[in-house]
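J.: Okay, so here is final13.txt, and as you'll see once you scroll down, it has compact mmCIF, C-alpha atoms and all ligand atoms.
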```
# COMPACT_ATOMS: atom_id res chain seq x y z
CA MET T 225 120.93 66.39 120.97
CA THR T 226 118.71 66.69 117.90
CA LYS T 227 118.99 69.96 116.09
CA GLU T 228 115.96 72.12 115.39
CA PRO T 229 115.10 71.87 111.69
CA THR T 230 116.22 74.94 109.79
CA VAL T 231 113.75 74.19 107.02
CA ILE T 232 110.11 73.16 107.23
CA TYR T 233 108.82 71.39 104.15
CA GLU T 234 105.08 70.74 103.82
CA LYS T 235 102.81 69.51 101.09
CA ARG T 236 99.55 71.38 100.67
CA ASP T 237 96.47 70.86 98.52
CA GLY T 238 96.48 71.43 94.79
CA GLY T 239 100.04 70.25 94.11
CA VAL T 240 101.67 73.00 96.18
CA ALA T 241 104.63 72.46 98.51
CA VAL T 242 105.85 75.10 100.95
CA LEU T 243 109.49 75.48 102.00
CA THR T 244 109.90 77.69 105.07
CA LEU T 245 113.36 78.95 106.08
CA ASN T 246 113.16 78.33 109.80
CA ARG T 247 115.78 80.07 111.93
CA PRO T 248 113.70 83.06 113.01
CA SER T 249 115.94 83.84 116.01
CA ALA T 250 118.85 84.36 113.53
CA LEU T 251 116.62 86.09 110.97
CA ASN T 252 116.69 82.86 108.93
CA ALA T 253 120.41 83.23 108.16
CA PHE T 254 121.61 80.58 105.73
CA ASN T 255 123.96 78.06 107.37
CA VAL T 256 125.39 74.69 106.41
CA GLN T 257 122.56 72.79 108.10
CA MET T 258 120.05 74.85 106.15
CA ARG T 259 121.96 74.16 102.95
CA ASP T 260 121.61 70.40 103.54
CA GLU T 261 117.96 70.63 104.51
CA ILE T 262 117.09 72.81 101.52
CA HIS T 263 118.88 70.26 99.32
CA GLU T 264 116.74 67.48 100.80
CA ALA T 265 113.50 69.46 100.35
CA LEU T 266 114.38 70.40 96.77
CA THR T 267 115.12 66.78 95.94
CA ALA T 268 111.58 66.00 97.15
CA VAL T 269 110.17 68.83 95.02
CA ARG T 270 112.02 67.51 91.97
CA ASP T 271 111.10 63.85 92.46
CA ASP T 272 107.58 63.92 93.91
CA ASP T 273 104.99 63.88 91.13
CA ASP T 274 102.33 65.13 93.56
CA VAL T 275 104.27 68.40 93.91
CA ARG T 276 103.72 70.72 90.95
CA GLY T 277 104.91 74.03 92.39
CA LEU T 278 106.79 75.50 95.36
CA LEU T 279 106.29 78.48 97.66
CA VAL T 280 109.41 79.68 99.52
CA ARG T 281 109.04 81.89 102.58
CA GLY T 282 110.75 82.82 105.84
CA ALA T 283 109.53 82.01 109.36
CA GLY T 284 108.97 84.69 111.98
CA GLU T 285 108.06 88.32 111.88
CA ARG T 286 111.35 89.92 110.88
CA ALA T 287 112.97 88.33 107.87
CA PHE T 288 112.80 86.22 104.76
CA CYS T 289 116.57 85.61 105.17
CA ALA T 290 119.31 87.94 106.49
CA GLY T 291 122.03 86.34 104.35
CA ALA T 292 124.77 83.83 105.03
CA ASP T 293 125.32 82.93 108.67
CA LEU T 294 128.10 85.27 109.78
CA THR T 295 128.93 83.14 112.83
CA GLU T 296 129.95 80.24 110.56
CA PHE T 297 132.31 82.55 108.73
CA GLY T 298 134.02 83.19 112.06
CA SER T 299 134.32 79.51 112.97
CA ALA T 300 135.93 78.37 109.69
CA PRO T 301 139.71 78.61 109.15
CA SER T 302 139.07 81.27 106.49
CA GLN T 303 136.19 82.97 104.77
CA ALA T 304 137.19 81.23 101.54
CA ILE T 305 136.87 77.84 103.27
CA ALA T 306 133.56 78.82 104.86
CA ARG T 307 132.26 79.64 101.42
CA SER T 308 133.65 76.57 99.68
CA VAL T 309 131.95 74.37 102.32
CA ARG T 310 128.66 75.79 101.11
CA TRP T 311 129.43 74.52 97.63
CA GLU T 312 129.94 70.92 98.70
CA ARG T 313 126.33 70.27 97.86
CA ASP T 314 125.16 72.08 94.80
CA VAL T 315 121.91 73.45 96.17
CA TRP T 316 121.87 76.25 93.63
CA GLY T 317 122.43 73.97 90.64
CA LEU T 318 119.65 71.70 91.90
CA TRP T 319 117.37 74.68 92.45
CA LEU T 320 117.96 76.03 88.95
CA SER T 321 117.43 72.60 87.38
CA ILE T 322 113.90 72.18 88.75
CA THR T 323 111.31 72.89 86.07
CA LYS T 324 108.32 73.26 88.43
CA PRO T 325 107.24 76.86 89.10
CA MET T 326 108.45 78.51 92.28
CA VAL T 327 107.31 81.69 93.99
CA ALA T 328 109.19 83.49 96.79
CA ALA T 329 107.10 85.39 99.37
CA ILE T 330 109.49 87.95 100.85
CA HIS T 331 108.96 89.90 104.05
CA GLY T 332 111.30 91.85 106.31
CA TYR T 333 115.06 91.54 105.72
CA CYS T 334 116.12 89.92 102.48
CA LEU T 335 119.90 90.32 102.35
CA GLY T 336 122.76 88.62 100.50
CA SER T 337 121.90 84.92 100.20
CA GLY T 338 118.29 85.88 100.89
CA ILE T 339 118.23 87.70 97.55
CA GLU T 340 120.03 84.76 95.96
CA ILE T 341 117.44 82.30 97.31
CA ALA T 342 114.66 84.53 96.02
CA SER T 343 116.43 84.88 92.67
CA VAL T 344 116.41 81.16 91.94
CA CYS T 345 112.63 81.26 92.26
CA ASP T 346 110.67 82.23 89.15
CA VAL T 347 108.53 84.95 90.68
CA ARG T 348 109.23 87.15 93.67
CA ILE T 349 106.48 88.88 95.63
CA ALA T 350 107.39 91.22 98.49
CA SER T 351 105.47 92.72 101.35
CA ASP T 352 105.74 96.47 101.69
CA ASP T 353 108.01 96.14 104.76
CA ALA T 354 110.70 94.18 102.92
CA VAL T 355 114.29 95.51 103.01
CA PHE T 356 116.83 94.31 100.47
CA GLY T 357 120.58 94.58 100.07
CA MET T 358 123.71 92.76 98.90
CA PRO T 359 126.27 93.42 101.69
CA GLU T 360 128.95 90.92 100.58
CA VAL T 361 131.39 93.29 98.84
CA GLY T 362 131.35 95.62 101.84
CA LEU T 363 132.39 92.60 103.93
CA GLY T 364 135.32 91.94 101.59
CA LEU T 365 133.58 89.08 99.77
CA ILE T 366 131.52 88.50 96.69
CA PRO T 367 128.18 86.67 96.60
CA ALA T 368 128.70 82.92 96.45
CA ALA T 369 125.33 81.55 95.45
CA GLY T 370 124.86 83.01 92.02
CA GLY T 371 124.32 86.66 92.96
CA THR T 372 126.94 87.98 90.54
CA GLN T 373 125.35 86.03 87.68
CA LEU T 374 121.64 85.96 88.45
CA LEU T 375 121.26 89.64 89.34
CA PRO T 376 122.67 90.98 86.03
CA ARG T 377 120.37 88.56 84.20
CA LEU T 378 117.36 89.70 86.21
CA LEU T 379 118.07 93.41 86.53
CA GLY T 380 120.63 94.26 83.85
CA GLN T 381 124.34 94.82 84.38
CA GLY T 382 124.19 98.46 85.49
CA ARG T 383 121.58 98.00 88.20
CA ALA T 384 123.17 94.76 89.40
CA LEU T 385 126.59 96.42 89.73
CA ASP T 386 125.03 99.37 91.54
CA LEU T 387 123.52 97.02 94.12
CA LEU T 388 126.59 94.79 94.40
CA LEU T 389 129.22 97.54 94.62
CA THR T 390 127.39 99.95 96.92
CA GLY T 391 125.64 97.31 99.05
CA HIS T 392 122.95 99.88 99.70
CA ARG T 393 119.72 98.81 101.33
CA PHE T 394 116.60 99.25 99.27
CA THR T 395 112.89 99.06 99.89
CA ALA T 396 110.13 96.92 98.39
CA PRO T 397 108.89 99.70 96.07
CA GLU T 398 112.48 100.16 94.84
CA ALA T 399 112.79 96.38 94.33
CA LEU T 400 109.61 96.59 92.24
CA ARG T 401 111.03 99.44 90.20
CA TYR T 402 114.31 97.56 89.65
CA GLY T 403 112.38 94.47 88.52
CA LEU T 404 113.68 92.29 91.36
CA VAL T 405 110.12 91.62 92.53
CA SER T 406 107.02 91.66 90.38
CA GLN T 407 104.45 92.57 93.06
CA VAL T 408 104.44 94.43 96.37
CA VAL T 409 101.52 93.80 98.71
CA SER T 410 100.70 94.48 102.32
CA ARG T 411 102.12 92.00 104.78
CA ASP T 412 98.75 90.54 105.78
CA ILE T 413 98.05 89.31 102.26
CA LEU T 414 101.58 88.33 101.21
CA GLU T 415 101.20 84.59 101.61
CA ARG T 416 97.71 84.52 100.12
CA ARG T 417 98.90 86.46 97.07
CA ALA T 418 101.92 84.19 96.63
CA LEU T 419 99.74 81.07 96.87
CA ASP T 420 97.16 82.52 94.48
CA THR T 421 99.94 83.33 92.01
CA LEU T 422 101.26 79.79 92.26
CA HIS T 423 97.78 78.30 91.84
CA THR T 424 97.23 80.45 88.74
CA MET T 425 100.42 78.98 87.27
CA LEU T 426 99.35 75.47 88.23
CA GLY T 427 96.20 75.93 86.16
CA ALA T 428 98.48 75.32 83.15
CA PRO T 429 99.73 71.85 82.19
CA SER T 430 102.97 70.87 83.96
CA GLU T 431 104.64 70.10 80.63
CA ALA T 432 103.96 73.63 79.35
CA LEU T 433 105.20 75.20 82.59
CA ALA T 434 108.38 73.16 82.46
CA ALA T 435 108.89 73.95 78.77
CA ALA T 436 108.45 77.70 79.36
CA LYS T 437 110.93 77.66 82.26
CA ARG T 438 113.50 75.66 80.28
CA THR T 439 113.18 77.78 77.17
CA VAL T 440 113.65 81.02 79.10
CA SER T 441 116.58 79.86 81.21
CA ASP T 442 118.44 77.87 78.53
CA GLY T 443 117.70 80.51 75.90
CA LEU T 444 119.32 83.26 77.96
CA ASP T 445 122.66 81.47 77.61
CA LEU T 446 122.42 81.32 73.81
CA PRO T 447 122.78 83.77 70.92
CA LEU T 448 119.34 84.97 69.77
CA ALA T 449 119.12 82.81 66.63
CA ALA T 450 119.98 79.68 68.58
CA ALA T 451 117.55 80.67 71.33
CA LEU T 452 114.74 81.11 68.81
CA ALA T 453 115.57 77.69 67.36
CA LEU T 454 115.41 76.29 70.88
CA GLU T 455 111.97 77.86 71.35
CA ARG T 456 110.76 76.23 68.12
CA ARG T 457 112.21 72.88 69.10
CA ILE T 458 110.76 72.86 72.61
CA GLY T 459 107.44 74.25 71.32
CA MET T 460 107.18 71.29 68.91
CA THR T 461 107.38 68.86 71.82
CA LEU T 462 104.12 70.32 73.19
CA ALA T 463 102.22 70.27 69.91
N1 LIG Y 501 124.19 85.49 110.41
C1 LIG Y 501 124.04 85.06 111.68
N2 LIG Y 501 123.19 85.63 112.57
C2 LIG Y 501 122.46 86.67 112.13
C3 LIG Y 501 122.56 87.18 110.84
C4 LIG Y 501 123.48 86.54 109.94
N3 LIG Y 501 123.62 86.93 108.67
N4 LIG Y 501 121.72 88.23 110.70
C5 LIG Y 501 121.11 88.37 111.89
N5 LIG Y 501 121.56 87.44 112.77
C6 LIG Y 501 121.15 87.26 114.17
C7 LIG Y 501 121.81 88.30 115.07
O1 LIG Y 501 123.12 87.89 115.43
C8 LIG Y 501 120.85 88.30 116.25
O2 LIG Y 501 121.09 87.17 117.04
P1 LIG Y 501 121.09 87.32 118.68
O3 LIG Y 501 119.68 87.75 119.00
O4 LIG Y 501 121.43 85.94 119.14
O5 LIG Y 501 122.09 88.36 119.01
C9 LIG Y 501 119.49 88.08 115.57
O6 LIG Y 501 119.76 87.50 114.30
C10 LIG Y 501 118.72 89.36 115.36
O7 LIG Y 501 119.56 90.25 114.63
P2 LIG Y 501 119.96 91.72 115.17
O8 LIG Y 501 121.23 92.10 114.49
O9 LIG Y 501 119.93 91.76 116.67
O10 LIG Y 501 118.73 92.55 114.62
P3 LIG Y 501 118.75 94.08 114.17
O11 LIG Y 501 117.34 94.46 113.95
O12 LIG Y 501 119.57 94.90 115.10
O13 LIG Y 501 119.52 94.07 112.75
C11 LIG Y 501 120.08 93.28 110.54
C12 LIG Y 501 119.02 93.33 111.65
C13 LIG Y 501 119.58 92.34 109.43
C14 LIG Y 501 120.31 94.68 109.99
C15 LIG Y 501 121.40 92.74 111.13
O14 LIG Y 501 121.12 91.55 111.83
C16 LIG Y 501 122.46 92.45 110.11
O15 LIG Y 501 123.09 93.35 109.58
N6 LIG Y 501 122.70 91.14 109.84
C17 LIG Y 501 123.76 90.71 108.97
C18 LIG Y 501 123.36 90.88 107.51
C19 LIG Y 501 124.47 90.46 106.58
O16 LIG Y 501 125.52 91.07 106.49
N7 LIG Y 501 124.22 89.33 105.83
C20 LIG Y 501 125.04 88.89 104.75
C21 LIG Y 501 126.21 88.12 105.11
S1 LIG Y 501 127.18 87.75 103.62
```
Would you write the structure of this file as structure tokens?
T.:
Amino acid sequence: MTKEPTVIYEKRDGGVAVLTLNRPSALNAFNVQMRDEIHEALTAVRDDDDVRGLLVRGAGERAFCAGADLTEFGSAPSQAIARSVRWERDVWGLWLSITKPMVAAIHGYCLGSGIEIASVCDVRIASDDAVFGMPEVGLGLIPAAGGTQLLPRLLGQGRALDLLLTGHRFTAPEALRYGLVSQVVSRDILERRALDTLHTMLGAPSEALAAAKRTVSDGLDLPLAAALALERRIGMTLA
């Protein structure tokens, strides 16, 4: 029996590709099949010169992604094994290595891995019905897809620890205030706004977009003086 695809990957006009998380009946929960299919789609994004930017979204009315698939946790010999299986293909490393701009369009539930998926995108735009939360610690786990590292970098240590340790649910306006998303719009214009944002980015040369992404992400791992030297060095390559 062929399995329903958990990811839909399409190429659109103007150098845009769209990756849709596609398990609406399970609120797009992230499972091993989805991990493999995201890996395949991201490889296409990385290698296809026609693709200059990516939109990530969730299928269905109710969720961007309600986190890791809890049923897989139950079927593995232990939670630790269930989580290590997810690391067998380094989706997150691949995602972070791609220098093409990526925008996440977030509606409905965006929990756990949903936030992690959104966090590896460059820009996050939410609809006003979005609900966020990091439930892992309450389940006796910690995030496994970069949440403990990306959230402090995006939001600062205090806010990230607040979200990680309390697991509390928060709304789109709160996500905007925390800096997790940069825009909140009504649901009916979410996708349009995300595509417009991506197209605005794609008005710039690909080399400059890639250089800006690399300088920001690599620079964050360096002391300031080294990061400024990196900026100079990468800037020279564009001159
Ligand atoms: N893994 C697997 N299935 C999930 C899921 C997950 N993380 N989140 C939701 N689903 C499934 C439900 O099992 C249900 O399937 P069913 O219709 O076959 O019973 C379907 O999606 C709809 O979810 P349901 O719980 O009925 O909707 P709700 O409106 O009552 O609640 C949530 C929505 C998001 C609050 C609730 O589904 C939830 O808490 N999910 C788990 C979130 C979580 O802890 N994720 C992180 C794991 S580390």
J.: Please, which residues have at least one atom within 9 Å of an atom of ligand LIG 501 (chain Y), using only C-alpha atoms and all ligand atoms, listed as a ChimeraX atom specification?
T.: /T:247-255,286-287,289-297,332-338,355,357-363,365-368
J.: Grab the residues selected above and save them as a short mmCIF file (atom, residue, chain, number, x, y, z; two decimals), in the frame of the given file with C-alpha atoms.
T.:
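The result, stored in part_38.cif:
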```
data_model
loop_
_atom_site.label_atom_id
_atom_site.label_comp_id
_atom_site.auth_asym_id
_atom_site.auth_seq_id
_atom_site.Cartn_x
_atom_site.Cartn_y
_atom_site.Cartn_z
CA ARG T 247 115.78 80.07 111.93
CA PRO T 248 113.70 83.06 113.01
CA SER T 249 115.94 83.84 116.01
CA ALA T 250 118.85 84.36 113.53
CA LEU T 251 116.62 86.09 110.97
CA ASN T 252 116.69 82.86 108.93
CA ALA T 253 120.41 83.23 108.16
CA PHE T 254 121.61 80.58 105.73
CA ASN T 255 123.96 78.06 107.37
CA ARG T 286 111.35 89.92 110.88
CA ALA T 287 112.97 88.33 107.87
CA CYS T 289 116.57 85.61 105.17
CA ALA T 290 119.31 87.94 106.49
CA GLY T 291 122.03 86.34 104.35
CA ALA T 292 124.77 83.83 105.03
CA ASP T 293 125.32 82.93 108.67
CA LEU T 294 128.10 85.27 109.78
CA THR T 295 128.93 83.14 112.83
CA GLU T 296 129.95 80.24 110.56
CA PHE T 297 132.31 82.55 108.73
CA GLY T 332 111.30 91.85 106.31
CA TYR T 333 115.06 91.54 105.72
CA CYS T 334 116.12 89.92 102.48
CA LEU T 335 119.90 90.32 102.35
CA GLY T 336 122.76 88.62 100.50
CA SER T 337 121.90 84.92 100.20
CA GLY T 338 118.29 85.88 100.89
CA VAL T 355 114.29 95.51 103.01
CA GLY T 357 120.58 94.58 100.07
CA MET T 358 123.71 92.76 98.90
CA PRO T 359 126.27 93.42 101.69
CA GLU T 360 128.95 90.92 100.58
CA VAL T 361 131.39 93.29 98.84
CA GLY T 362 131.35 95.62 101.84
CA LEU T 363 132.39 92.60 103.93
CA LEU T 365 133.58 89.08 99.77
CA ILE T 366 131.52 88.50 96.69
CA PRO T 367 128.18 86.67 96.60
CA ALA T 368 128.70 82.92 96.45
#
```
J.: Work out how far apart CA of Thr244 (chain T) and CA of Ala418 (chain T) are and give it in Å to one decimal.
T.: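 We find that CA of Thr244 (chain T) and CA of Ala418 (chain T) lie 13.3 Å from each other.
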J.: Which residue gives the smallest distance to Gly282 (chain T) among T:Ile413, T:Asp442, T:Gly370, T:His331, with only C-alpha atoms counted?
T.: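 Comparing T:Ile413, T:Asp442, T:Gly370, T:His331 against Gly282 (chain T), the winner is T:His331.
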J.: Neighbours of Val315 (chain T) within 7 Å (all atoms listed in the file; same-chain residues fewer than 3 positions away dropped), as a PyMOL selection string?
T.: chain T and resi 259+263+318-319
J.: May I have the residues at most 10 Å from (116.5, 71.2, 104.4) in the file's coordinates, counting all atoms listed in the file, as a list in words?
T.: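 All residues meeting the 10 Å criterion around (116.5, 71.2, 104.4) are Pro229, Thr230, Val231, Ile232, Tyr233, Leu243, Thr244, Leu245, Asn246, Val256, Gln257, Met258, Arg259, Asp260, Glu261, Ile262, His263, Glu264, Ala265, Leu266 and Thr267 of chain T.
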J.: Is there a way to get, as a ChimeraX atom specification, all residues within 12 Å of the point (111.2, 93.7, 91.1) in file coordinates, counting only C-alpha atoms?
T.: /T:328,330,339,342-343,346-351,354,356,375,378-380,383,394-408
J.: Just how far from CA of Ser430 (chain T) is CA of Gly371 (chain T), in Å to one decimal?
T.: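 Between CA of Gly371 (chain T) and CA of Ser430 (chain T) the gap is 28.0 Å.
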J.: What is the CA of Asp386 (chain T) to CA of Phe288 (chain T) distance in Å?
T.: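 One can read the CA of Asp386 (chain T) to CA of Phe288 (chain T) distance as 22.3 Å.
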J.: Because the input lacks atoms here, generate N, CA, C and O atoms for region 339-362 of chain T and report them as a short mmCIF file (atom, residue, chain, number, x, y, z; two decimals), in the frame of the given file.
T.:
```
data_model
loop_
_atom_site.label_atom_id
_atom_site.label_comp_id
_atom_site.auth_asym_id
_atom_site.auth_seq_id
_atom_site.Cartn_x
_atom_site.Cartn_y
_atom_site.Cartn_z
N ILE T 339 118.54 87.28 98.93
CA ILE T 339 118.23 87.70 97.55
C ILE T 339 118.57 86.57 96.58
O ILE T 339 117.85 86.33 95.61
N GLU T 340 119.65 85.85 96.87
CA GLU T 340 120.03 84.76 95.96
C GLU T 340 118.99 83.64 96.00
O GLU T 340 118.62 83.07 94.97
N ILE T 341 118.49 83.32 97.19
CA ILE T 341 117.44 82.30 97.31
C ILE T 341 116.20 82.75 96.54
O ILE T 341 115.60 82.00 95.78
N ALA T 342 115.83 84.01 96.74
CA ALA T 342 114.66 84.53 96.02
C ALA T 342 114.89 84.52 94.51
O ALA T 342 113.96 84.27 93.73
N SER T 343 116.14 84.76 94.10
CA SER T 343 116.43 84.88 92.67
C SER T 343 116.40 83.56 91.93
O SER T 343 116.27 83.54 90.71
N VAL T 344 116.54 82.45 92.63
CA VAL T 344 116.41 81.16 91.94
C VAL T 344 114.95 80.74 91.84
O VAL T 344 114.64 79.74 91.22
N CYS T 345 114.06 81.50 92.47
CA CYS T 345 112.63 81.26 92.26
C CYS T 345 112.22 82.01 90.99
O CYS T 345 112.91 82.91 90.52
N ASP T 346 111.08 81.63 90.43
CA ASP T 346 110.67 82.23 89.15
C ASP T 346 110.01 83.59 89.34
O ASP T 346 110.15 84.48 88.50
N VAL T 347 109.26 83.72 90.43
CA VAL T 347 108.53 84.95 90.68
C VAL T 347 108.77 85.34 92.12
O VAL T 347 108.77 84.50 93.02
N ARG T 348 109.01 86.64 92.33
CA ARG T 348 109.23 87.15 93.67
C ARG T 348 108.15 88.17 94.01
O ARG T 348 107.92 89.10 93.22
N ILE T 349 107.51 87.95 95.16
CA ILE T 349 106.48 88.88 95.63
C ILE T 349 106.93 89.36 97.01
O ILE T 349 107.32 88.54 97.85
N ALA T 350 106.91 90.68 97.21
CA ALA T 350 107.39 91.22 98.49
C ALA T 350 106.26 91.88 99.24
O ALA T 350 105.32 92.41 98.64
N SER T 351 106.38 91.88 100.56
CA SER T 351 105.47 92.72 101.35
C SER T 351 106.10 94.11 101.45
O SER T 351 107.31 94.28 101.25
N ASP T 352 105.25 95.09 101.76
CA ASP T 352 105.74 96.47 101.69
C ASP T 352 106.77 96.80 102.77
O ASP T 352 107.42 97.84 102.70
N ASP T 353 106.97 95.90 103.74
CA ASP T 353 108.01 96.14 104.76
C ASP T 353 109.36 95.50 104.40
O ASP T 353 110.29 95.56 105.21
N ALA T 354 109.46 94.91 103.23
CA ALA T 354 110.70 94.18 102.92
C ALA T 354 111.87 95.16 102.72
O ALA T 354 111.69 96.27 102.22
N VAL T 355 113.06 94.71 103.15
CA VAL T 355 114.29 95.51 103.01
C VAL T 355 115.34 94.62 102.35
O VAL T 355 115.61 93.53 102.84
N PHE T 356 115.90 95.11 101.26
CA PHE T 356 116.83 94.31 100.47
C PHE T 356 118.23 94.90 100.51
O PHE T 356 118.39 96.10 100.73
N GLY T 357 119.21 94.07 100.21
CA GLY T 357 120.58 94.58 100.07
C GLY T 357 121.54 93.43 99.82
O GLY T 357 121.26 92.29 100.19
N MET T 358 122.66 93.76 99.17
CA MET T 358 123.71 92.76 98.90
C MET T 358 124.97 93.23 99.62
O MET T 358 125.78 93.98 99.05
N PRO T 359 125.16 92.85 100.90
CA PRO T 359 126.27 93.42 101.69
C PRO T 359 127.63 92.78 101.47
O PRO T 359 128.63 93.24 102.04
N GLU T 360 127.73 91.74 100.62
CA GLU T 360 128.95 90.92 100.58
C GLU T 360 130.22 91.73 100.28
O GLU T 360 131.25 91.58 100.95
N VAL T 361 130.16 92.59 99.25
CA VAL T 361 131.39 93.29 98.84
C VAL T 361 131.89 94.18 99.98
O VAL T 361 133.09 94.24 100.26
N GLY T 362 130.96 94.80 100.69
CA GLY T 362 131.35 95.62 101.84
C GLY T 362 132.03 94.80 102.94
O GLY T 362 132.77 95.32 103.76
#
```
